[in-house]
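Listing of input39.json; format and content: JSON, C-alpha atoms.
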[["chain", "number", "residue", "atom", "x", "y", "z"],
["A", 1, "MET", "CA", 108.75, 47.31, 49.36],
["A", 2, "SER", "CA", 105.65, 47.37, 47.13],
["A", 3, "ILE", "CA", 105.70, 46.61, 43.41],
["A", 4, "ALA", "CA", 104.97, 50.25, 42.67],
["A", 5, "ASN", "CA", 107.92, 51.44, 44.75],
["A", 6, "ILE", "CA", 110.22, 48.91, 43.10],
["A", 7, "LEU", "CA", 109.12, 50.10, 39.67],
["A", 8, "ARG", "CA", 109.64, 53.74, 40.63],
["A", 9, "ALA", "CA", 113.17, 52.86, 41.77],
["A", 10, "LEU", "CA", 113.83, 51.12, 38.46],
["A", 11, "ALA", "CA", 112.52, 54.13, 36.60],
["A", 12, "VAL", "CA", 114.92, 56.39, 38.49],
["A", 13, "LEU", "CA", 117.80, 54.10, 37.53],
["A", 14, "CYS", "CA", 116.67, 54.21, 33.90],
["A", 15, "LEU", "CA", 116.50, 57.99, 34.04],
["A", 16, "LEU", "CA", 119.94, 58.35, 35.61],
["A", 17, "SER", "CA", 121.50, 56.03, 33.05],
["A", 18, "GLY", "CA", 119.70, 57.69, 30.14],
["A", 19, "PHE", "CA", 118.11, 54.37, 29.28],
["A", 20, "SER", "CA", 114.61, 54.08, 27.84],
["A", 21, "VAL", "CA", 112.83, 50.74, 27.85],
["A", 22, "PRO", "CA", 112.33, 49.62, 24.24],
["A", 23, "ALA", "CA", 109.13, 48.16, 22.85],
["A", 24, "ALA", "CA", 110.59, 46.27, 19.90],
["A", 25, "ALA", "CA", 108.58, 43.47, 18.38],
["A", 26, "GLN", "CA", 109.73, 39.92, 19.08],
["A", 27, "THR", "CA", 111.05, 38.42, 15.86],
["A", 28, "ILE", "CA", 110.06, 34.81, 15.21],
["A", 29, "GLY", "CA", 111.75, 34.39, 11.84],
["A", 30, "THR", "CA", 112.59, 35.84, 8.44],
["A", 31, "VAL", "CA", 111.88, 34.44, 4.99],
["A", 32, "ASN", "CA", 113.90, 35.64, 1.98],
["A", 33, "PHE", "CA", 112.91, 35.76, -1.70],
["A", 34, "ALA", "CA", 114.44, 35.70, -5.17],
["A", 35, "PHE", "CA", 114.57, 38.90, -7.21],
["A", 36, "ASP", "CA", 111.13, 40.22, -8.29],
["A", 37, "SER", "CA", 109.43, 37.10, -6.94],
["A", 38, "ALA", "CA", 106.84, 36.17, -4.34],
["A", 39, "GLU", "CA", 107.34, 32.44, -4.90],
["A", 40, "LEU", "CA", 108.50, 30.32, -1.99],
["A", 41, "ASP", "CA", 111.64, 28.30, -2.77],
["A", 42, "ASP", "CA", 112.84, 25.28, -0.80],
["A", 43, "THR", "CA", 114.86, 27.43, 1.60],
["A", 44, "ALA", "CA", 111.85, 29.67, 2.27],
["A", 45, "ARG", "CA", 109.55, 26.69, 2.88],
["A", 46, "ALA", "CA", 112.04, 25.19, 5.34],
["A", 47, "GLU", "CA", 112.21, 28.50, 7.22],
["A", 48, "ILE", "CA", 108.42, 28.79, 7.30],
["A", 49, "ALA", "CA", 108.20, 25.29, 8.78],
["A", 50, "LYS", "CA", 110.56, 26.40, 11.59],
["A", 51, "ILE", "CA", 108.55, 29.57, 12.18],
["A", 52, "ALA", "CA", 105.30, 27.60, 12.30],
["A", 53, "ASP", "CA", 106.77, 25.19, 14.86],
["A", 54, "LYS", "CA", 107.82, 28.14, 17.03],
["A", 55, "LEU", "CA", 104.41, 29.80, 16.81],
["A", 56, "LYS", "CA", 102.64, 26.60, 17.77],
["A", 57, "THR", "CA", 104.73, 26.37, 20.96],
["A", 58, "ILE", "CA", 104.41, 30.05, 21.97],
["A", 59, "ASP", "CA", 101.58, 30.78, 24.38],
["A", 60, "SER", "CA", 101.23, 34.51, 23.82],
["A", 61, "TYR", "CA", 98.36, 36.99, 23.82],
["A", 62, "LYS", "CA", 100.09, 38.98, 21.06],
["A", 63, "PRO", "CA", 98.97, 38.47, 17.47],
["A", 64, "THR", "CA", 101.46, 37.35, 14.84],
["A", 65, "VAL", "CA", 102.38, 40.03, 12.31],
["A", 66, "VAL", "CA", 103.66, 39.21, 8.83],
["A", 67, "VAL", "CA", 105.38, 42.10, 7.01],
["A", 68, "GLY", "CA", 106.76, 41.96, 3.47],
["A", 69, "TYR", "CA", 109.68, 43.99, 2.14],
["A", 70, "THR", "CA", 111.54, 44.43, -1.15],
["A", 71, "ASP", "CA", 114.91, 45.74, -2.25],
["A", 72, "ALA", "CA", 115.21, 49.22, -3.74],
["A", 73, "VAL", "CA", 115.07, 48.17, -7.41],
["A", 74, "GLY", "CA", 111.90, 49.33, -9.17],
["A", 75, "ASN", "CA", 109.31, 51.98, -8.32],
["A", 76, "SER", "CA", 107.84, 52.28, -4.87],
["A", 77, "GLY", "CA", 104.25, 51.49, -5.90],
["A", 78, "TYR", "CA", 105.24, 48.22, -7.56],
["A", 79, "ASN", "CA", 107.42, 47.27, -4.62],
["A", 80, "LEU", "CA", 104.59, 47.90, -2.18],
["A", 81, "GLY", "CA", 102.47, 45.39, -4.07],
["A", 82, "LEU", "CA", 105.34, 42.91, -4.33],
["A", 83, "GLY", "CA", 105.94, 43.10, -0.59],
["A", 84, "GLN", "CA", 102.23, 42.41, 0.00],
["A", 85, "ARG", "CA", 102.31, 39.35, -2.25],
["A", 86, "ARG", "CA", 105.30, 38.04, -0.33],
["A", 87, "ALA", "CA", 103.59, 38.63, 3.01],
["A", 88, "ASN", "CA", 100.43, 36.90, 1.76],
["A", 89, "ALA", "CA", 102.46, 33.91, 0.55],
["A", 90, "VAL", "CA", 104.11, 33.48, 3.94],
["A", 91, "ALA", "CA", 100.83, 33.93, 5.86],
["A", 92, "THR", "CA", 99.11, 31.33, 3.67],
["A", 93, "ALA", "CA", 102.02, 28.90, 4.11],
["A", 94, "LEU", "CA", 101.96, 29.35, 7.89],
["A", 95, "THR", "CA", 98.27, 28.41, 8.07],
["A", 96, "ALA", "CA", 98.99, 25.42, 5.81],
["A", 97, "GLN", "CA", 101.63, 24.38, 8.36],
["A", 98, "GLY", "CA", 98.99, 24.29, 11.08],
["A", 99, "VAL", "CA", 99.20, 27.79, 12.55],
["A", 100, "PRO", "CA", 95.58, 28.75, 13.44],
["A", 101, "VAL", "CA", 94.11, 31.41, 11.18],
["A", 102, "ASP", "CA", 93.20, 33.61, 14.16],
["A", 103, "ARG", "CA", 96.80, 33.41, 15.39],
["A", 104, "VAL", "CA", 97.91, 35.54, 12.44],
["A", 105, "GLY", "CA", 97.03, 39.20, 12.85],
["A", 106, "LEU", "CA", 98.31, 41.91, 10.52],
["A", 107, "VAL", "CA", 99.61, 40.92, 7.05],
["A", 108, "GLU", "CA", 101.06, 43.98, 5.32],
["A", 109, "SER", "CA", 103.75, 45.38, 3.06],
["A", 110, "ARG", "CA", 106.30, 48.10, 3.65],
["A", 111, "GLY", "CA", 107.81, 47.76, 0.21],
["A", 112, "GLU", "CA", 111.28, 49.21, -0.11],
["A", 113, "THR", "CA", 111.23, 51.02, 3.23],
["A", 114, "ASP", "CA", 113.41, 49.84, 6.12],
["A", 115, "LEU", "CA", 116.18, 48.35, 3.98],
["A", 116, "LEU", "CA", 118.48, 46.07, 5.95],
["A", 117, "VAL", "CA", 121.29, 46.87, 3.51],
["A", 118, "THR", "CA", 121.21, 50.42, 2.19],
["A", 119, "VAL", "CA", 121.92, 49.86, -1.50],
["A", 120, "SER", "CA", 120.00, 50.66, -4.69],
["A", 121, "THR", "CA", 121.03, 47.39, -6.35],
["A", 122, "PRO", "CA", 119.43, 43.93, -5.95],
["A", 123, "GLU", "CA", 120.03, 42.58, -2.43],
["A", 124, "ARG", "CA", 118.50, 39.31, -1.19],
["A", 125, "ARG", "CA", 118.64, 40.33, 2.46],
["A", 126, "ASN", "CA", 116.26, 43.21, 1.70],
["A", 127, "ARG", "CA", 113.81, 40.89, -0.10],
["A", 128, "ARG", "CA", 112.24, 39.43, 2.99],
["A", 129, "VAL", "CA", 109.17, 38.79, 5.10],
["A", 130, "ASN", "CA", 109.51, 39.27, 8.84],
["A", 131, "VAL", "CA", 107.27, 37.29, 11.17],
["A", 132, "THR", "CA", 107.01, 38.89, 14.61],
["A", 133, "LEU", "CA", 104.81, 39.08, 17.68],
["A", 134, "GLU", "CA", 103.14, 42.48, 17.64],
["A", 135, "GLN", "CA", 103.92, 44.86, 20.48],
["A", 136, "MET", "CA", 100.53, 46.53, 19.97],
["A", 137, "MET", "CA", 102.02, 50.02, 20.05],
["A", 138, "THR", "CA", 100.00, 51.67, 17.31],
["A", 139, "ALA", "CA", 98.06, 54.90, 17.74],
["A", 140, "CYS", "CA", 95.04, 54.47, 20.01],
["A", 141, "ASN", "CA", 91.80, 56.45, 20.07],
["A", 142, "SER", "CA", 90.03, 54.43, 22.77],
["A", 143, "TYR", "CA", 91.25, 51.87, 25.26],
["A", 144, "ARG", "CA", 88.18, 49.77, 24.44],
["A", 145, "THR", "CA", 89.66, 49.03, 21.01],
["A", 146, "VAL", "CA", 92.86, 47.53, 22.44],
["A", 147, "PRO", "CA", 92.63, 43.84, 21.48],
["A", 148, "LEU", "CA", 93.07, 42.24, 24.89],
["A", 149, "SER", "CA", 90.73, 39.71, 26.46],
["A", 150, "GLN", "CA", 90.48, 37.98, 29.80],
["A", 151, "SER", "CA", 92.52, 35.11, 28.35],
["A", 152, "SER", "CA", 95.35, 37.58, 27.69],
["A", 153, "ILE", "CA", 96.03, 37.97, 31.41],
["A", 154, "GLY", "CA", 99.15, 36.12, 32.49],
["A", 155, "ASN", "CA", 102.81, 36.56, 33.31],
["A", 156, "GLU", "CA", 103.71, 37.80, 29.84],
["A", 157, "LEU", "CA", 101.10, 40.56, 29.97],
["A", 158, "GLN", "CA", 102.19, 41.47, 33.50],
["A", 159, "ASP", "CA", 105.78, 41.85, 32.31],
["A", 160, "ASP", "CA", 104.66, 44.09, 29.44],
["A", 161, "LEU", "CA", 102.60, 46.24, 31.79],
["A", 162, "GLN", "CA", 105.60, 46.66, 34.07],
["A", 163, "THR", "CA", 107.77, 47.64, 31.10],
["A", 164, "ARG", "CA", 105.28, 50.31, 30.06],
["A", 165, "LEU", "CA", 105.02, 51.55, 33.64],
["A", 166, "ILE", "CA", 108.79, 51.94, 33.91],
["A", 167, "ASN", "CA", 108.95, 53.72, 30.56],
["A", 168, "ALA", "CA", 106.11, 56.12, 31.42],
["A", 169, "THR", "CA", 107.54, 56.85, 34.86],
["A", 170, "THR", "CA", 110.95, 57.57, 33.34],
["A", 171, "TYR", "CA", 109.52, 60.11, 30.90],
["A", 172, "PHE", "CA", 107.20, 61.63, 33.54],
["A", 173, "GLN", "CA", 110.10, 62.23, 35.93],
["A", 174, "GLN", "CA", 112.28, 63.58, 33.14],
["A", 175, "PHE", "CA", 109.64, 66.11, 32.04],
["A", 176, "GLN", "CA", 108.90, 66.99, 35.67],
["A", 177, "SER", "CA", 112.58, 67.59, 36.36],
["A", 178, "ASP", "CA", 112.85, 69.81, 33.26],
["A", 179, "GLY", "CA", 109.74, 71.76, 34.29],
["A", 180, "LEU", "CA", 108.04, 70.97, 30.98],
["A", 181, "ASN", "CA", 104.23, 70.87, 31.28],
["A", 182, "THR", "CA", 103.76, 69.60, 27.73],
["A", 183, "PRO", "CA", 101.11, 67.25, 26.29],
["A", 184, "ALA", "CA", 103.71, 64.49, 26.44],
["A", 185, "PHE", "CA", 104.19, 65.16, 30.15],
["A", 186, "GLN", "CA", 100.44, 64.93, 30.76],
["A", 187, "VAL", "CA", 100.13, 61.72, 28.74],
["A", 188, "ALA", "CA", 103.13, 60.25, 30.57],
["A", 189, "GLY", "CA", 101.34, 60.93, 33.85],
["A", 190, "ALA", "CA", 98.13, 59.29, 32.64],
["A", 191, "THR", "CA", 100.10, 56.31, 31.35],
["A", 192, "ARG", "CA", 101.97, 55.92, 34.60],
["A", 193, "GLU", "CA", 98.74, 55.99, 36.59],
["A", 194, "ALA", "CA", 96.88, 53.47, 34.40],
["A", 195, "CYS", "CA", 99.82, 51.07, 34.18],
["A", 196, "GLU", "CA", 100.49, 51.26, 37.92],
["A", 197, "ILE", "CA", 96.87, 50.32, 38.68],
["A", 198, "ALA", "CA", 96.97, 47.52, 36.08],
["A", 199, "VAL", "CA", 100.18, 46.08, 37.54],
["A", 200, "ALA", "CA", 98.83, 46.23, 41.10],
["A", 201, "TYR", "CA", 95.62, 44.30, 40.39],
["A", 202, "ASP", "CA", 95.71, 40.56, 41.05],
["A", 203, "MET", "CA", 95.66, 38.30, 37.98],
["A", 204, "GLY", "CA", 92.08, 37.30, 38.66],
["A", 205, "ALA", "CA", 90.77, 40.80, 39.32],
["A", 206, "PHE", "CA", 87.91, 41.81, 37.03],
["A", 207, "ARG", "CA", 89.24, 45.34, 36.40],
["A", 208, "LYS", "CA", 92.80, 44.25, 35.60],
["A", 209, "LEU", "CA", 91.78, 43.82, 31.96],
["A", 210, "GLU", "CA", 90.26, 47.30, 31.75],
["A", 211, "TYR", "CA", 93.34, 48.98, 33.22],
["A", 212, "ALA", "CA", 95.65, 46.85, 31.08],
["A", 213, "GLN", "CA", 93.80, 48.22, 28.04],
["A", 214, "ARG", "CA", 94.08, 51.75, 29.43],
["A", 215, "CYS", "CA", 97.80, 51.21, 30.04],
["A", 216, "PHE", "CA", 98.42, 50.02, 26.48],
["A", 217, "CYS", "CA", 96.31, 52.78, 24.95],
["A", 218, "ASN", "CA", 97.94, 55.56, 26.95],
["A", 219, "ALA", "CA", 101.39, 54.12, 26.25],
["A", 220, "ALA", "CA", 100.59, 54.32, 22.53],
["A", 221, "ARG", "CA", 99.41, 57.92, 22.96],
["A", 222, "LEU", "CA", 102.68, 58.68, 24.74],
["A", 223, "ASP", "CA", 104.64, 57.32, 21.79],
["A", 224, "VAL", "CA", 102.57, 59.53, 19.47],
["A", 225, "ALA", "CA", 103.30, 62.56, 21.67],
["A", 226, "LEU", "CA", 107.00, 61.67, 21.61],
["A", 227, "GLY", "CA", 106.95, 61.31, 17.83],
["A", 228, "LYS", "CA", 107.82, 57.59, 17.90],
["A", 229, "ILE", "CA", 104.71, 56.49, 16.01],
["A", 230, "PRO", "CA", 102.35, 58.49, 13.77],
["A", 231, "PRO", "CA", 98.93, 59.57, 15.01],
["A", 232, "ALA", "CA", 95.85, 57.61, 13.94]]

Please express the file's structure as structure tokens.
Amino acid sequence: MSIANILRALAVLCLLSGFSVPAAAQTIGTVNFAFDSAELDDTARAEIAKIADKLKTIDSYKPTVVVGYTDAVGNSGYNLGLGQRRANAVATALTAQGVPVDRVGLVESRGETDLLVTVSTPERRNRRVNVTLEQMMTACNSYRTVPLSQSSIGNELQDDLQTRLINATTYFQQFQSDGLNTPAFQVAGATREACEIAVAYDMGAFRKLEYAQRCFCNAARLDVALGKIPPA
């Protein structure tokens, strides 16, 4: 049985079970902060050292993303800035620990959004910076902008392509079964086609990179069509 047929069979199983393949970011570590502070205490520095050691051993094409958060105390504008200062502090500490500068991608703040503990009072668990490996599922206008290079090609990328192929095939078959010729159905078809071609190419094939970029871009467009991520 070919890889494509195996993946179609897996997609059918996913569809029958109501399961959709997730694209959650891989968490490397979390650093917590004192109230209204972006200073790194001893506990935070010890955690950053562990995160840096992990990053230096991970051979991944995905950029590292550093995202700062706050608790719900204070106004949203102030908290957005505080979360950014926390993210910057962690990113700077990671590079000081020997993590290459180009290994760190996005450094941003989400302020008081995405509370781990839904309370309006001070809560240390909400005052955090998450360090993850980006899943690269943001809105995409052109596959050429997808940040993959020839050095990205490997088993990890192949696994991610297969995951996106299964997900797209699941949605395509669901829409097809429901008789819904919607934009999401059309994008699911385009995603399935691009990802199937990308998966089928040998690791050394010149066009594998191009179709991997197309697969990622169309998968992002599918998530926009499904309302999972906002449009660009």

- So how far away is atom CA of A:Asp42 from atom CA of A:Gly81, in Å?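 Here the two named atoms are 22.9 Å from each other.
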
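Straight-line separation from atom CA of A:Leu40 to atom CA of A:Leu55: 19.2 Å.
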
- Determine, counting all atoms listed in the file, which protein, DNA and RNA residues have an atom within 6 Å of an atom of stretch 118-132 of chain A; residues of the same chain fewer than 6 positions away are not included. Present the result as a ChimeraX atom specification. /A:26-33,64-72,87

- Message: Using all atoms listed in the file, can you tell me which of A:Gly111, A:Gln158, A:Lys62, A:Ile197 comes closest to A:Gly74?
- Response: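 The answer is A:Gly111, which sits nearest to A:Gly74.
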
Counting all atoms listed in the file, give me one row per residue of stretch 50-135 of chain A with an atom at most 12 Å from an atom of stretch 139-155 of chain A, showing the shortest contact pair and its distance in Å to one decimal, sorted by chain then residue number, as CSV.
residue,atom,partner,partner_atom,distance
A:Asp59,CA,A:Ser152,CA,9.8
A:Ser60,CA,A:Ser152,CA,7.7
A:Tyr61,CA,A:Ser152,CA,4.9
A:Lys62,CA,A:Ser152,CA,8.3
A:Pro63,CA,A:Pro147,CA,9.2
A:Gly105,CA,A:Pro147,CA,10.7
A:Glu134,CA,A:Pro147,CA,11.3
A:Gln135,CA,A:Pro147,CA,11.4

- Task: Kindly indicate which residue among A:Thr113, A:Gln213, A:Asn181, A:Asn218 lies nearest to A:Ala168, using all atoms listed in the file for the distances.
- Result: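 Ranking A:Thr113, A:Gln213, A:Asn181, A:Asn218 by distance to A:Ala168, first place goes to A:Asn218.
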
- Query: To one decimal place, how far is atom CA of A:Leu94 from atom CA of A:Ser37 in Å?
  - Reply: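 About the pair atom CA of A:Leu94 and atom CA of A:Ser37: they are 18.3 Å apart.
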
Extract, using only C-alpha atoms, all DNA, RNA and protein residues at most 7 Å from A:Ala188, discarding same-chain residues fewer than 6 positions from it, and format them as a PDB file with C-alpha atoms, in the frame of the given file.
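Full text of out_8.pdb as output:
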ATOM      1  CA  ALA A 168     106.110  56.120  31.420  1.00  0.00           C
ATOM      2  CA  TYR A 171     109.520  60.110  30.900  1.00  0.00           C
ATOM      3  CA  PHE A 172     107.200  61.630  33.540  1.00  0.00           C
ATOM      4  CA  LEU A 222     102.680  58.680  24.740  1.00  0.00           C
TER       5      LEU A 222
END

I'd like the contact shell of A:Val187 - 10 Å cut-off, all atoms listed in the file, skipping same-chain residues fewer than 3 positions apart - returned as a PDB file with C-alpha atoms, keeping the file's coordinate frame.
ATOM      1  CA  ALA A 168     106.110  56.120  31.420  1.00  0.00           C
ATOM      2  CA  TYR A 171     109.520  60.110  30.900  1.00  0.00           C
ATOM      3  CA  PHE A 172     107.200  61.630  33.540  1.00  0.00           C
ATOM      4  CA  THR A 182     103.760  69.600  27.730  1.00  0.00           C
ATOM      5  CA  PRO A 183     101.110  67.250  26.290  1.00  0.00           C
ATOM      6  CA  ALA A 184     103.710  64.490  26.440  1.00  0.00           C
ATOM      7  CA  ALA A 190      98.130  59.290  32.640  1.00  0.00           C
ATOM      8  CA  THR A 191     100.100  56.310  31.350  1.00  0.00           C
ATOM      9  CA  ARG A 192     101.970  55.920  34.600  1.00  0.00           C
ATOM     10  CA  GLU A 193      98.740  55.990  36.590  1.00  0.00           C
ATOM     11  CA  ASN A 218      97.940  55.560  26.950  1.00  0.00           C
ATOM     12  CA  ALA A 219     101.390  54.120  26.250  1.00  0.00           C
ATOM     13  CA  ALA A 220     100.590  54.320  22.530  1.00  0.00           C
ATOM     14  CA  ARG A 221      99.410  57.920  22.960  1.00  0.00           C
ATOM     15  CA  LEU A 222     102.680  58.680  24.740  1.00  0.00           C
ATOM     16  CA  ASP A 223     104.640  57.320  21.790  1.00  0.00           C
ATOM     17  CA  VAL A 224     102.570  59.530  19.470  1.00  0.00           C
ATOM     18  CA  ALA A 225     103.300  62.560  21.670  1.00  0.00           C
ATOM     19  CA  LEU A 226     107.000  61.670  21.610  1.00  0.00           C
TER      20      LEU A 226
END

Mind dumping a table of every stretch 55-129 of chain A residue within 10 Å of stretch 45-48 of chain A, with the nearest atom pair and its distance in Å to one decimal, using all atoms listed in the file, sorted by chain and rising number, as CSV?
residue,atom,partner,partner_atom,distance
A:Val90,CA,A:Ile48,CA,7.2
A:Ala91,CA,A:Ile48,CA,9.3
A:Ala93,CA,A:Ile48,CA,7.2
A:Leu94,CA,A:Ile48,CA,6.5
A:Gln97,CA,A:Ile48,CA,8.2

- Message: Taking only C-alpha atoms into account, name the residue in A:Lys54, A:Asp114, A:Leu161, A:Leu82 that is nearest to A:Ala34.
- Response: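 Of A:Lys54, A:Asp114, A:Leu161, A:Leu82, the one nearest A:Ala34, counting only C-alpha atoms, is A:Leu82.
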
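In this comparison, which uses all atoms listed in the file, the residue of A:Ala89, A:Ile58, A:Leu80, A:Val104 approaching A:Ala44 most closely is A:Ala89.
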
- Message: When you count only C-alpha atoms, which of these residues is closest to A:Ala212: A:Arg85, A:Arg110, A:Lys50, A:Arg164?
- Response: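 So, comparing all the options, the nearest one is A:Arg164.
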
- Smallest atom-to-atom distance to A:Ala198: which of A:Cys217, A:Leu165, A:Ala96, A:Ile51, using all atoms listed in the file?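 Nearest to A:Ala198: A:Leu165.
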
Generate N, CA, C and O atoms for stretch 217-230 of chain A and emit them as a PDB file, in the frame of the given file.
ATOM      1  N   CYS A 217      96.799  51.662  25.763  1.00  0.00           N
ATOM      2  CA  CYS A 217      96.310  52.780  24.950  1.00  0.00           C
ATOM      3  C   CYS A 217      97.067  54.060  25.283  1.00  0.00           C
ATOM      4  O   CYS A 217      97.529  54.776  24.393  1.00  0.00           O
ATOM      5  N   ASN A 218      97.220  54.358  26.556  1.00  0.00           N
ATOM      6  CA  ASN A 218      97.940  55.560  26.950  1.00  0.00           C
ATOM      7  C   ASN A 218      99.414  55.478  26.576  1.00  0.00           C
ATOM      8  O   ASN A 218     100.030  56.497  26.223  1.00  0.00           O
ATOM      9  N   ALA A 219      99.994  54.281  26.660  1.00  0.00           N
ATOM     10  CA  ALA A 219     101.390  54.120  26.250  1.00  0.00           C
ATOM     11  C   ALA A 219     101.554  54.412  24.764  1.00  0.00           C
ATOM     12  O   ALA A 219     102.545  55.013  24.337  1.00  0.00           O
ATOM     13  N   ALA A 220     100.563  54.007  23.958  1.00  0.00           N
ATOM     14  CA  ALA A 220     100.590  54.320  22.530  1.00  0.00           C
ATOM     15  C   ALA A 220     100.458  55.827  22.313  1.00  0.00           C
ATOM     16  O   ALA A 220     101.140  56.411  21.470  1.00  0.00           O
ATOM     17  N   ARG A 221      99.565  56.462  23.075  1.00  0.00           N
ATOM     18  CA  ARG A 221      99.410  57.920  22.960  1.00  0.00           C
ATOM     19  C   ARG A 221     100.708  58.637  23.349  1.00  0.00           C
ATOM     20  O   ARG A 221     101.060  59.661  22.762  1.00  0.00           O
ATOM     21  N   LEU A 222     101.402  58.095  24.332  1.00  0.00           N
ATOM     22  CA  LEU A 222     102.680  58.680  24.740  1.00  0.00           C
ATOM     23  C   LEU A 222     103.684  58.593  23.592  1.00  0.00           C
ATOM     24  O   LEU A 222     104.410  59.555  23.315  1.00  0.00           O
ATOM     25  N   ASP A 223     103.721  57.455  22.913  1.00  0.00           N
ATOM     26  CA  ASP A 223     104.640  57.320  21.790  1.00  0.00           C
ATOM     27  C   ASP A 223     104.279  58.276  20.652  1.00  0.00           C
ATOM     28  O   ASP A 223     105.156  58.785  19.960  1.00  0.00           O
ATOM     29  N   VAL A 224     102.973  58.540  20.458  1.00  0.00           N
ATOM     30  CA  VAL A 224     102.570  59.530  19.470  1.00  0.00           C
ATOM     31  C   VAL A 224     103.060  60.915  19.889  1.00  0.00           C
ATOM     32  O   VAL A 224     103.621  61.668  19.090  1.00  0.00           O
ATOM     33  N   ALA A 225     102.870  61.245  21.165  1.00  0.00           N
ATOM     34  CA  ALA A 225     103.300  62.560  21.670  1.00  0.00           C
ATOM     35  C   ALA A 225     104.809  62.733  21.577  1.00  0.00           C
ATOM     36  O   ALA A 225     105.304  63.845  21.373  1.00  0.00           O
ATOM     37  N   LEU A 226     105.542  61.624  21.690  1.00  0.00           N
ATOM     38  CA  LEU A 226     107.000  61.670  21.610  1.00  0.00           C
ATOM     39  C   LEU A 226     107.498  61.598  20.172  1.00  0.00           C
ATOM     40  O   LEU A 226     108.699  61.698  19.922  1.00  0.00           O
ATOM     41  N   GLY A 227     106.571  61.395  19.228  1.00  0.00           N
ATOM     42  CA  GLY A 227     106.950  61.310  17.830  1.00  0.00           C
ATOM     43  C   GLY A 227     107.502  59.964  17.402  1.00  0.00           C
ATOM     44  O   GLY A 227     108.095  59.833  16.324  1.00  0.00           O
ATOM     45  N   LYS A 228     107.290  58.935  18.229  1.00  0.00           N
ATOM     46  CA  LYS A 228     107.820  57.590  17.900  1.00  0.00           C
ATOM     47  C   LYS A 228     106.932  56.861  16.915  1.00  0.00           C
ATOM     48  O   LYS A 228     107.419  56.042  16.128  1.00  0.00           O
ATOM     49  N   ILE A 229     105.624  57.088  16.978  1.00  0.00           N
ATOM     50  CA  ILE A 229     104.710  56.490  16.010  1.00  0.00           C
ATOM     51  C   ILE A 229     103.754  57.576  15.530  1.00  0.00           C
ATOM     52  O   ILE A 229     103.500  58.551  16.239  1.00  0.00           O
ATOM     53  N   PRO A 230     103.241  57.462  14.285  1.00  0.00           N
ATOM     54  CA  PRO A 230     102.350  58.490  13.770  1.00  0.00           C
ATOM     55  C   PRO A 230     100.985  58.435  14.422  1.00  0.00           C
ATOM     56  O   PRO A 230     100.552  57.381  14.912  1.00  0.00           O
TER      57      PRO A 230
END
